[in-house]
Structures are given as structure tokens and as C-alpha cells.
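To be precise, the following lines are work02.cif, and they hold mmCIF, C-alpha atoms, pLDDT in the B column; chains and numbers go by the auth columns.
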data_upload
loop_
_atom_site.group_PDB
_atom_site.id
_atom_site.type_symbol
_atom_site.label_atom_id
_atom_site.label_comp_id
_atom_site.label_asym_id
_atom_site.label_seq_id
_atom_site.Cartn_x
_atom_site.Cartn_y
_atom_site.Cartn_z
_atom_site.B_iso_or_equiv
_atom_site.auth_seq_id
_atom_site.auth_asym_id
ATOM 1 C CA MET A 1 -20.512 163.237 159.433 60.00 17 A
ATOM 2 C CA THR A 2 -22.758 162.382 162.338 61.00 18 A
ATOM 3 C CA GLY A 3 -26.079 163.787 163.337 71.00 19 A
ATOM 4 C CA ALA A 4 -29.513 164.286 161.924 88.00 20 A
ATOM 5 C CA ARG A 5 -30.246 164.691 158.258 95.00 21 A
ATOM 6 C CA ILE A 6 -30.389 168.306 157.160 97.00 22 A
ATOM 7 C CA THR A 7 -32.205 169.529 154.069 98.00 23 A
ATOM 8 C CA ALA A 8 -29.888 171.681 151.987 98.00 24 A
ATOM 9 C CA TYR A 9 -30.283 173.418 148.643 98.00 25 A
ATOM 10 C CA ILE A 10 -27.476 173.620 146.107 98.00 26 A
ATOM 11 C CA GLY A 11 -27.214 176.160 143.287 98.00 27 A
ATOM 12 C CA ILE A 12 -25.632 174.740 140.129 97.00 28 A
ATOM 13 C CA GLY A 13 -24.301 176.625 137.130 95.00 29 A
ATOM 14 C CA ALA A 14 -21.896 176.363 134.203 94.00 30 A
ATOM 15 C CA ASN A 15 -21.071 178.337 131.073 92.00 31 A
ATOM 16 C CA LEU A 16 -17.947 176.687 129.652 89.00 32 A
ATOM 17 C CA GLY A 17 -17.747 173.495 127.611 89.00 33 A
ATOM 18 C CA ASN A 18 -20.947 171.475 127.455 94.00 34 A
ATOM 19 C CA ALA A 19 -22.608 173.462 130.234 93.00 35 A
ATOM 20 C CA ARG A 20 -25.917 171.606 130.055 96.00 36 A
ATOM 21 C CA ALA A 21 -24.225 168.206 130.400 96.00 37 A
ATOM 22 C CA SER A 22 -22.081 169.514 133.269 95.00 38 A
ATOM 23 C CA VAL A 23 -25.119 170.723 135.202 97.00 39 A
ATOM 24 C CA GLU A 24 -27.079 167.515 134.560 97.00 40 A
ATOM 25 C CA LYS A 25 -24.110 165.394 135.654 97.00 41 A
ATOM 26 C CA ALA A 26 -23.603 167.471 138.800 97.00 42 A
ATOM 27 C CA ILE A 27 -27.240 166.977 139.810 98.00 43 A
ATOM 28 C CA GLN A 28 -26.809 163.203 139.531 97.00 44 A
ATOM 29 C CA GLN A 29 -23.469 163.296 141.380 97.00 45 A
ATOM 30 C CA LEU A 30 -25.084 164.995 144.375 98.00 46 A
ATOM 31 C CA ASP A 31 -26.920 161.728 144.968 97.00 47 A
ATOM 32 C CA THR A 32 -23.570 159.925 145.289 97.00 48 A
ATOM 33 C CA LEU A 33 -22.021 162.153 147.955 97.00 49 A
ATOM 34 C CA PRO A 34 -21.337 160.490 151.321 96.00 50 A
ATOM 35 C CA ALA A 35 -24.344 160.396 153.681 97.00 51 A
ATOM 36 C CA THR A 36 -26.370 162.401 151.148 98.00 52 A
ATOM 37 C CA ARG A 37 -29.310 161.808 148.871 98.00 53 A
ATOM 38 C CA LEU A 38 -30.906 163.917 146.165 98.00 54 A
ATOM 39 C CA THR A 39 -34.549 164.661 147.005 98.00 55 A
ATOM 40 C CA GLY A 40 -35.502 167.259 144.401 98.00 56 A
ATOM 41 C CA GLN A 41 -34.310 169.282 141.467 98.00 57 A
ATOM 42 C CA SER A 42 -35.444 172.214 139.393 98.00 58 A
ATOM 43 C CA CYS A 43 -35.634 172.436 135.633 98.00 59 A
ATOM 44 C CA LEU A 44 -32.652 173.804 133.777 98.00 60 A
ATOM 45 C CA PHE A 45 -32.600 177.528 133.056 98.00 61 A
ATOM 46 C CA ARG A 46 -30.554 179.716 130.717 97.00 62 A
ATOM 47 C CA THR A 47 -29.330 183.056 132.084 94.00 63 A
ATOM 48 C CA ALA A 48 -26.959 185.782 130.959 88.00 64 A
ATOM 49 C CA PRO A 49 -23.806 186.307 133.042 84.00 65 A
ATOM 50 C CA ILE A 50 -24.097 188.990 135.729 79.00 66 A
ATOM 51 C CA ASP A 51 -21.109 191.251 136.400 74.00 67 A
ATOM 52 C CA ALA A 52 -19.096 189.212 133.891 69.00 68 A
ATOM 53 C CA GLY A 53 -18.721 188.398 130.215 69.00 69 A
ATOM 54 C CA GLY A 54 -18.853 185.069 128.448 76.00 70 A
ATOM 55 C CA ASP A 55 -21.502 182.694 127.248 86.00 71 A
ATOM 56 C CA ASP A 56 -24.903 182.302 128.868 92.00 72 A
ATOM 57 C CA TYR A 57 -25.098 180.065 131.914 93.00 73 A
ATOM 58 C CA ILE A 58 -27.094 176.915 132.391 97.00 74 A
ATOM 59 C CA ASN A 59 -28.439 176.960 135.959 97.00 75 A
ATOM 60 C CA ALA A 60 -30.448 174.719 138.230 98.00 76 A
ATOM 61 C CA ALA A 61 -30.988 174.011 141.903 98.00 77 A
ATOM 62 C CA ALA A 62 -31.132 170.748 143.804 98.00 78 A
ATOM 63 C CA ARG A 63 -32.498 169.731 147.182 98.00 79 A
ATOM 64 C CA ILE A 64 -30.535 167.189 149.161 98.00 80 A
ATOM 65 C CA GLU A 65 -30.782 165.540 152.536 98.00 81 A
ATOM 66 C CA THR A 66 -27.386 165.115 154.134 98.00 82 A
ATOM 67 C CA ARG A 67 -25.656 164.155 157.336 97.00 83 A
ATOM 68 C CA LEU A 68 -22.559 166.070 156.261 97.00 84 A
ATOM 69 C CA GLN A 69 -21.636 169.168 158.206 96.00 85 A
ATOM 70 C CA PRO A 70 -21.649 172.428 156.193 97.00 86 A
ATOM 71 C CA GLY A 71 -17.856 172.495 155.831 96.00 87 A
ATOM 72 C CA GLU A 72 -17.793 168.857 154.744 97.00 88 A
ATOM 73 C CA LEU A 73 -20.500 169.501 152.148 98.00 89 A
ATOM 74 C CA LEU A 74 -18.597 172.527 150.844 97.00 90 A
ATOM 75 C CA GLN A 75 -15.460 170.405 150.509 97.00 91 A
ATOM 76 C CA GLU A 76 -17.338 167.718 148.568 97.00 92 A
ATOM 77 C CA LEU A 77 -18.842 170.330 146.228 97.00 93 A
ATOM 78 C CA GLN A 78 -15.422 171.863 145.598 94.00 94 A
ATOM 79 C CA LEU A 79 -14.044 168.423 144.736 94.00 95 A
ATOM 80 C CA MET A 80 -16.855 168.033 142.198 95.00 96 A
ATOM 81 C CA GLU A 81 -15.990 171.442 140.716 92.00 97 A
ATOM 82 C CA GLN A 82 -12.313 170.517 140.457 88.00 98 A
ATOM 83 C CA ALA A 83 -13.145 167.194 138.796 89.00 99 A
ATOM 84 C CA ALA A 84 -15.164 169.170 136.216 81.00 100 A
ATOM 85 C CA GLY A 85 -12.128 171.348 135.452 74.00 101 A
ATOM 86 C CA ARG A 86 -13.107 174.447 137.450 61.00 102 A
ATOM 87 C CA GLU A 87 -10.425 177.106 137.582 62.00 103 A
ATOM 88 C CA ARG A 88 -10.707 180.154 139.843 57.00 104 A
ATOM 89 C CA ARG A 89 -8.697 182.634 137.767 62.00 105 A
ATOM 90 C CA PHE A 90 -10.615 185.764 138.826 48.00 106 A
ATOM 91 C CA VAL A 91 -13.900 186.809 140.430 53.00 107 A
ATOM 92 C CA ASN A 92 -16.922 185.874 138.288 54.00 108 A
ATOM 93 C CA ALA A 93 -14.716 184.076 135.760 56.00 109 A
ATOM 94 C CA PRO A 94 -16.523 181.766 133.328 70.00 110 A
ATOM 95 C CA ARG A 95 -16.686 178.263 134.754 78.00 111 A
ATOM 96 C CA THR A 96 -17.105 174.637 133.818 85.00 112 A
ATOM 97 C CA LEU A 97 -19.081 174.078 137.020 93.00 113 A
ATOM 98 C CA ASP A 98 -20.155 176.208 139.958 91.00 114 A
ATOM 99 C CA LEU A 99 -21.785 174.659 143.022 96.00 115 A
ATOM 100 C CA ASP A 100 -23.041 176.843 145.867 96.00 116 A
ATOM 101 C CA ILE A 101 -24.745 175.969 149.128 98.00 117 A
ATOM 102 C CA LEU A 102 -27.798 178.211 148.957 98.00 118 A
ATOM 103 C CA LEU A 103 -29.427 177.018 152.187 98.00 119 A
ATOM 104 C CA PHE A 104 -28.430 174.545 154.886 98.00 120 A
ATOM 105 C CA GLY A 105 -31.513 173.777 156.933 97.00 121 A
ATOM 106 C CA SER A 106 -32.475 176.881 158.890 97.00 122 A
ATOM 107 C CA GLN A 107 -28.858 177.668 159.719 97.00 123 A
ATOM 108 C CA GLU A 108 -27.173 181.012 159.248 97.00 124 A
ATOM 109 C CA ILE A 109 -23.449 180.466 158.756 97.00 125 A
ATOM 110 C CA SER A 110 -20.754 183.087 158.406 96.00 126 A
ATOM 111 C CA THR A 111 -17.169 181.856 158.276 95.00 127 A
ATOM 112 C CA GLU A 112 -14.142 182.767 156.209 93.00 128 A
ATOM 113 C CA LEU A 113 -14.980 179.961 153.763 92.00 129 A
ATOM 114 C CA LEU A 114 -18.762 179.788 153.809 96.00 130 A
ATOM 115 C CA THR A 115 -21.745 182.121 154.082 96.00 131 A
ATOM 116 C CA VAL A 116 -25.231 180.598 154.235 97.00 132 A
ATOM 117 C CA PRO A 117 -27.804 181.613 153.168 97.00 133 A
ATOM 118 C CA HIS A 118 -25.819 182.357 150.038 96.00 134 A
ATOM 119 C CA PRO A 119 -25.130 186.110 150.204 94.00 135 A
ATOM 120 C CA ARG A 120 -26.589 186.898 146.756 93.00 136 A
ATOM 121 C CA LEU A 121 -29.488 184.419 146.807 97.00 137 A
ATOM 122 C CA THR A 122 -32.102 187.180 147.056 97.00 138 A
ATOM 123 C CA GLN A 123 -30.417 189.240 144.311 96.00 139 A
ATOM 124 C CA ARG A 124 -29.921 186.631 141.562 95.00 140 A
ATOM 125 C CA ALA A 125 -32.764 185.170 139.512 96.00 141 A
ATOM 126 C CA PHE A 126 -30.542 182.238 138.479 95.00 142 A
ATOM 127 C CA ALA A 127 -30.441 181.090 142.122 97.00 143 A
ATOM 128 C CA LEU A 128 -33.800 182.268 143.462 98.00 144 A
ATOM 129 C CA ILE A 129 -36.121 181.076 140.678 98.00 145 A
ATOM 130 C CA PRO A 130 -34.826 177.450 140.552 98.00 146 A
ATOM 131 C CA LEU A 131 -34.989 177.323 144.365 98.00 147 A
ATOM 132 C CA LEU A 132 -38.605 178.485 144.307 98.00 148 A
ATOM 133 C CA GLN A 133 -39.450 175.933 141.631 98.00 149 A
ATOM 134 C CA ILE A 134 -38.414 173.166 144.043 98.00 150 A
ATOM 135 C CA ASP A 135 -40.059 174.702 147.112 97.00 151 A
ATOM 136 C CA PRO A 136 -42.375 177.677 146.411 97.00 152 A
ATOM 137 C CA LEU A 137 -43.016 178.333 150.112 97.00 153 A
ATOM 138 C CA ILE A 138 -39.431 178.149 151.358 98.00 154 A
ATOM 139 C CA ALA A 139 -38.170 180.789 153.763 98.00 155 A
ATOM 140 C CA ILE A 140 -34.651 182.186 153.741 98.00 156 A
ATOM 141 C CA PRO A 141 -33.275 182.167 157.303 97.00 157 A
ATOM 142 C CA GLY A 142 -32.932 185.701 158.628 96.00 158 A
ATOM 143 C CA LYS A 143 -34.683 187.203 155.567 97.00 159 A
ATOM 144 C CA GLY A 144 -38.187 185.763 155.242 97.00 160 A
ATOM 145 C CA PRO A 145 -40.195 184.090 152.465 98.00 161 A
ATOM 146 C CA ALA A 146 -38.071 183.551 149.345 98.00 162 A
ATOM 147 C CA HIS A 147 -40.964 184.483 147.050 97.00 163 A
ATOM 148 C CA SER A 148 -40.967 188.002 148.487 98.00 164 A
ATOM 149 C CA PHE A 149 -37.665 188.672 146.662 98.00 165 A
ATOM 150 C CA VAL A 150 -38.928 187.808 143.162 97.00 166 A
ATOM 151 C CA THR A 151 -39.736 191.436 142.339 97.00 167 A
ATOM 152 C CA ALA A 152 -36.102 192.362 143.117 95.00 168 A
ATOM 153 C CA VAL A 153 -34.873 190.029 140.341 95.00 169 A
ATOM 154 C CA ALA A 154 -37.712 190.649 137.874 94.00 170 A
ATOM 155 C CA GLY A 155 -35.444 192.553 135.487 92.00 171 A
ATOM 156 C CA GLN A 156 -33.029 189.629 135.081 93.00 172 A
ATOM 157 C CA VAL A 157 -33.712 187.411 132.078 92.00 173 A
ATOM 158 C CA ILE A 158 -34.093 183.750 132.959 95.00 174 A
ATOM 159 C CA CYS A 159 -35.458 181.210 130.474 96.00 175 A
ATOM 160 C CA LYS A 160 -36.596 177.691 131.301 97.00 176 A
ATOM 161 C CA ILE A 161 -34.982 175.150 128.985 94.00 177 A
#
Please re-express this file's structure in C-alpha cells.
Amino acid sequence: MTGARITAYIGIGANLGNARASVEKAIQQLDTLPATRLTGQSCLFRTAPIDAGGDDYINAAARIETRLQPGELLQELQLMEQAAGRERRFVNAPRTLDLDILLFGSQEISTELLTVPHPRLTQRAFALIPLLQIDPLIAIPGKGPAHSFVTAVAGQVICKI
């Protein structure tokens, strides 16, 4: 947990229980993580599940500054998911809370546990649009300007709440 502060972006989603309250609470909890502070957040959005069934999702994104290393941040996010009752029964299962590291500074990370930039960031409106709301000019490391991927997700319904 040493080193310079890194700006990271977190994707947040839920579609079980009181999804809106879960997402709002998660945004506030990010500000309480060790060596981390919340520096920005998107609006909340409603989206239909992709490659899955279930209720619509409530999604958002948050910008944080952190001294945590990527693996430490991932561990903290997974603890938050567990505390919210997240169960990983099958791929794309409905969830009480889903927290993903979308970007971690300008780093490209590929380990068994973590891939950053998030591998589907450029393919999912529920991640890309909230990210762009926080930082319209952000670039995705190894891919280019995030806004250049908007046309690829234009067919996905996303509604600001």
C-alpha cells in the first residue's frame, strides 16, 4: 500500500434486492477504503442484462484516487461484494453487487485474477457510458479514446435515472 496515488475507475452494478440502494452505498463505501478517496461519480443508469436473464441492472461508475496496488484494490472490492451478499453461482448470474476495476491509471494488467482495462469495457454501454460521463476525454490504455467506442454500444439500451 505504498507509492503514488493512482487514479482508478470502478464499474458498479446490481440487479438483486434494492439494487439502487446497493449501488449508492457502494459508491459511498469506496471513499472509506484504505488509502483511497472518491473523486468522482456518474449518475445512475438502468440497463437490461446482457447474456443473462433477470431484472434490469442499476449501474454507475466511480473515480477514485488510491495508493492500493491493483491486487489489493481488487481484494477490497471483493470484500465489499461479499458484505453485500454477492454469490458467484454461475457466469453472469444476477447479483446483489458487482464491482469491477475498469481502469487503473494507464496500466495494462493481465493476471489470472485481474485484467485491466476491463476486457469488455469497450463492448458494454453500462460500463462505457458512465465512465465517459465522469471523464469524456479519457483514453483506454492500449485501445485509444474511450469515446471512439460509443458507436459499438449504440444498440444497447441505457437509461439515466
Could you tell me which residues the PyMOL selection byres ((chain A and resi 71) around 10) grabs in this file, written as a PDB file with C-alpha atoms, in the coordinates of the input?
ATOM      1  CA  ALA A  30     -21.896 176.363 134.203  1.00 94.00           C
ATOM      2  CA  ASN A  31     -21.071 178.337 131.073  1.00 92.00           C
ATOM      3  CA  LEU A  32     -17.947 176.687 129.652  1.00 89.00           C
ATOM      4  CA  GLY A  33     -17.747 173.495 127.611  1.00 89.00           C
ATOM      5  CA  ALA A  35     -22.608 173.462 130.234  1.00 93.00           C
ATOM      6  CA  THR A  63     -29.330 183.056 132.084  1.00 94.00           C
ATOM      7  CA  ALA A  64     -26.959 185.782 130.959  1.00 88.00           C
ATOM      8  CA  PRO A  65     -23.806 186.307 133.042  1.00 84.00           C
ATOM      9  CA  ALA A  68     -19.096 189.212 133.891  1.00 69.00           C
ATOM     10  CA  GLY A  69     -18.721 188.398 130.215  1.00 69.00           C
ATOM     11  CA  GLY A  70     -18.853 185.069 128.448  1.00 76.00           C
ATOM     12  CA  ASP A  72     -24.903 182.302 128.868  1.00 92.00           C
ATOM     13  CA  TYR A  73     -25.098 180.065 131.914  1.00 93.00           C
ATOM     14  CA  ILE A  74     -27.094 176.915 132.391  1.00 97.00           C
ATOM     15  CA  PRO A 110     -16.523 181.766 133.328  1.00 70.00           C
ATOM     16  CA  ARG A 111     -16.686 178.263 134.754  1.00 78.00           C
TER      17      ARG A 111
END
Would you mind listing what lies within 12 Å of Gln172 in chain A as a PyMOL selection string, with all atoms listed in the file counted and same-chain residues fewer than 6 positions away left out?
chain A and resi 62-66+139-145+166
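Reported to one decimal place, the separation of CA of Phe61 in chain A from CA of Thr112 in chain A is 15.8 Å.
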Quick one: pull the distance between CA of Thr23 in chain A and CA of Glu81 in chain A, Å, one decimal.
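Distance reported for this atom pair: 4.5 Å.
One distance worth recording is that between CA of Gly160 in chain A and CA of Ile26 in chain A, which is 18.6 Å.
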Tell me which protein, DNA and RNA residues are within 12 Å of Ala100 in chain A, counting only C-alpha atoms, leaving out same-chain ones fewer than 2 positions away, and put them as a PyMOL selection string.
chain A and resi 29-30+32-35+37-39+41-42+45+93-98+102-103+111-115
Using all atoms listed in the file, which of the listed residues (A:Pro152, A:Pro86, A:Ser58, A:Ala99) sits closest to Pro133 in chain A?
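Checking each of A:Pro152, A:Pro86, A:Ser58, A:Ala99 against Pro133 in chain A, counting all atoms listed in the file, the winner is A:Pro86.
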Using all atoms listed in the file, which protein or nucleic acid residues come within 12 Å of Arg79 in chain A? Drop anything in the same chain fewer than 5 positions from it, and give the result as a PyMOL selection string.
chain A and resi 22-28+43-44+46-47+52-58+116-121+146-151+154
Residues just named, written with C-alpha atoms as a compact mmCIF listing (two decimals), in the coordinates of the input:
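Written output follows (out11.txt):
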# COMPACT_ATOMS: atom_id res chain seq x y z
CA ILE A 22 -30.39 168.31 157.16
CA THR A 23 -32.20 169.53 154.07
CA ALA A 24 -29.89 171.68 151.99
CA TYR A 25 -30.28 173.42 148.64
CA ILE A 26 -27.48 173.62 146.11
CA GLY A 27 -27.21 176.16 143.29
CA ILE A 28 -25.63 174.74 140.13
CA ILE A 43 -27.24 166.98 139.81
CA GLN A 44 -26.81 163.20 139.53
CA LEU A 46 -25.08 165.00 144.38
CA ASP A 47 -26.92 161.73 144.97
CA THR A 52 -26.37 162.40 151.15
CA ARG A 53 -29.31 161.81 148.87
CA LEU A 54 -30.91 163.92 146.16
CA THR A 55 -34.55 164.66 147.00
CA GLY A 56 -35.50 167.26 144.40
CA GLN A 57 -34.31 169.28 141.47
CA SER A 58 -35.44 172.21 139.39
CA ASP A 116 -23.04 176.84 145.87
CA ILE A 117 -24.74 175.97 149.13
CA LEU A 118 -27.80 178.21 148.96
CA LEU A 119 -29.43 177.02 152.19
CA PHE A 120 -28.43 174.54 154.89
CA GLY A 121 -31.51 173.78 156.93
CA PRO A 146 -34.83 177.45 140.55
CA LEU A 147 -34.99 177.32 144.36
CA LEU A 148 -38.60 178.48 144.31
CA GLN A 149 -39.45 175.93 141.63
CA ILE A 150 -38.41 173.17 144.04
CA ASP A 151 -40.06 174.70 147.11
CA ILE A 154 -39.43 178.15 151.36
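Considering all atoms listed in the file, the residue among A:Ser122, A:Ala170, A:Glu92, A:Ile156 positioned nearest to Arg136 in chain A is A:Ile156.
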From the list A:Leu153, A:Gly19, A:Gln91, A:Thr138, which residue is nearest Thr167 in chain A when using only C-alpha atoms?
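Under the stated criterion, the closest residue is A:Thr138.
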For Ala76 in chain A, which of A:Val132, A:Cys59, A:Leu89, A:Val169 is the closest residue, counting only C-alpha atoms?
A:Cys59
Around range 83-102 of chain A, fit a box with edges along x, y and z, padding it by 8 Å on each side, then list its centre and edge lengths in Å to one decimal as JSON.
{"center_x": -18.9, "center_y": 169.3, "center_z": 146.8, "size_x": 29.5, "size_y": 26.3, "size_z": 38.8}
Could you list, as a PyMOL selection string, every residue within 9 Å of Ala51 in chain A, counting all atoms listed in the file and ignoring same-chain residues fewer than 5 positions away?
chain A and resi 17+21+81-84
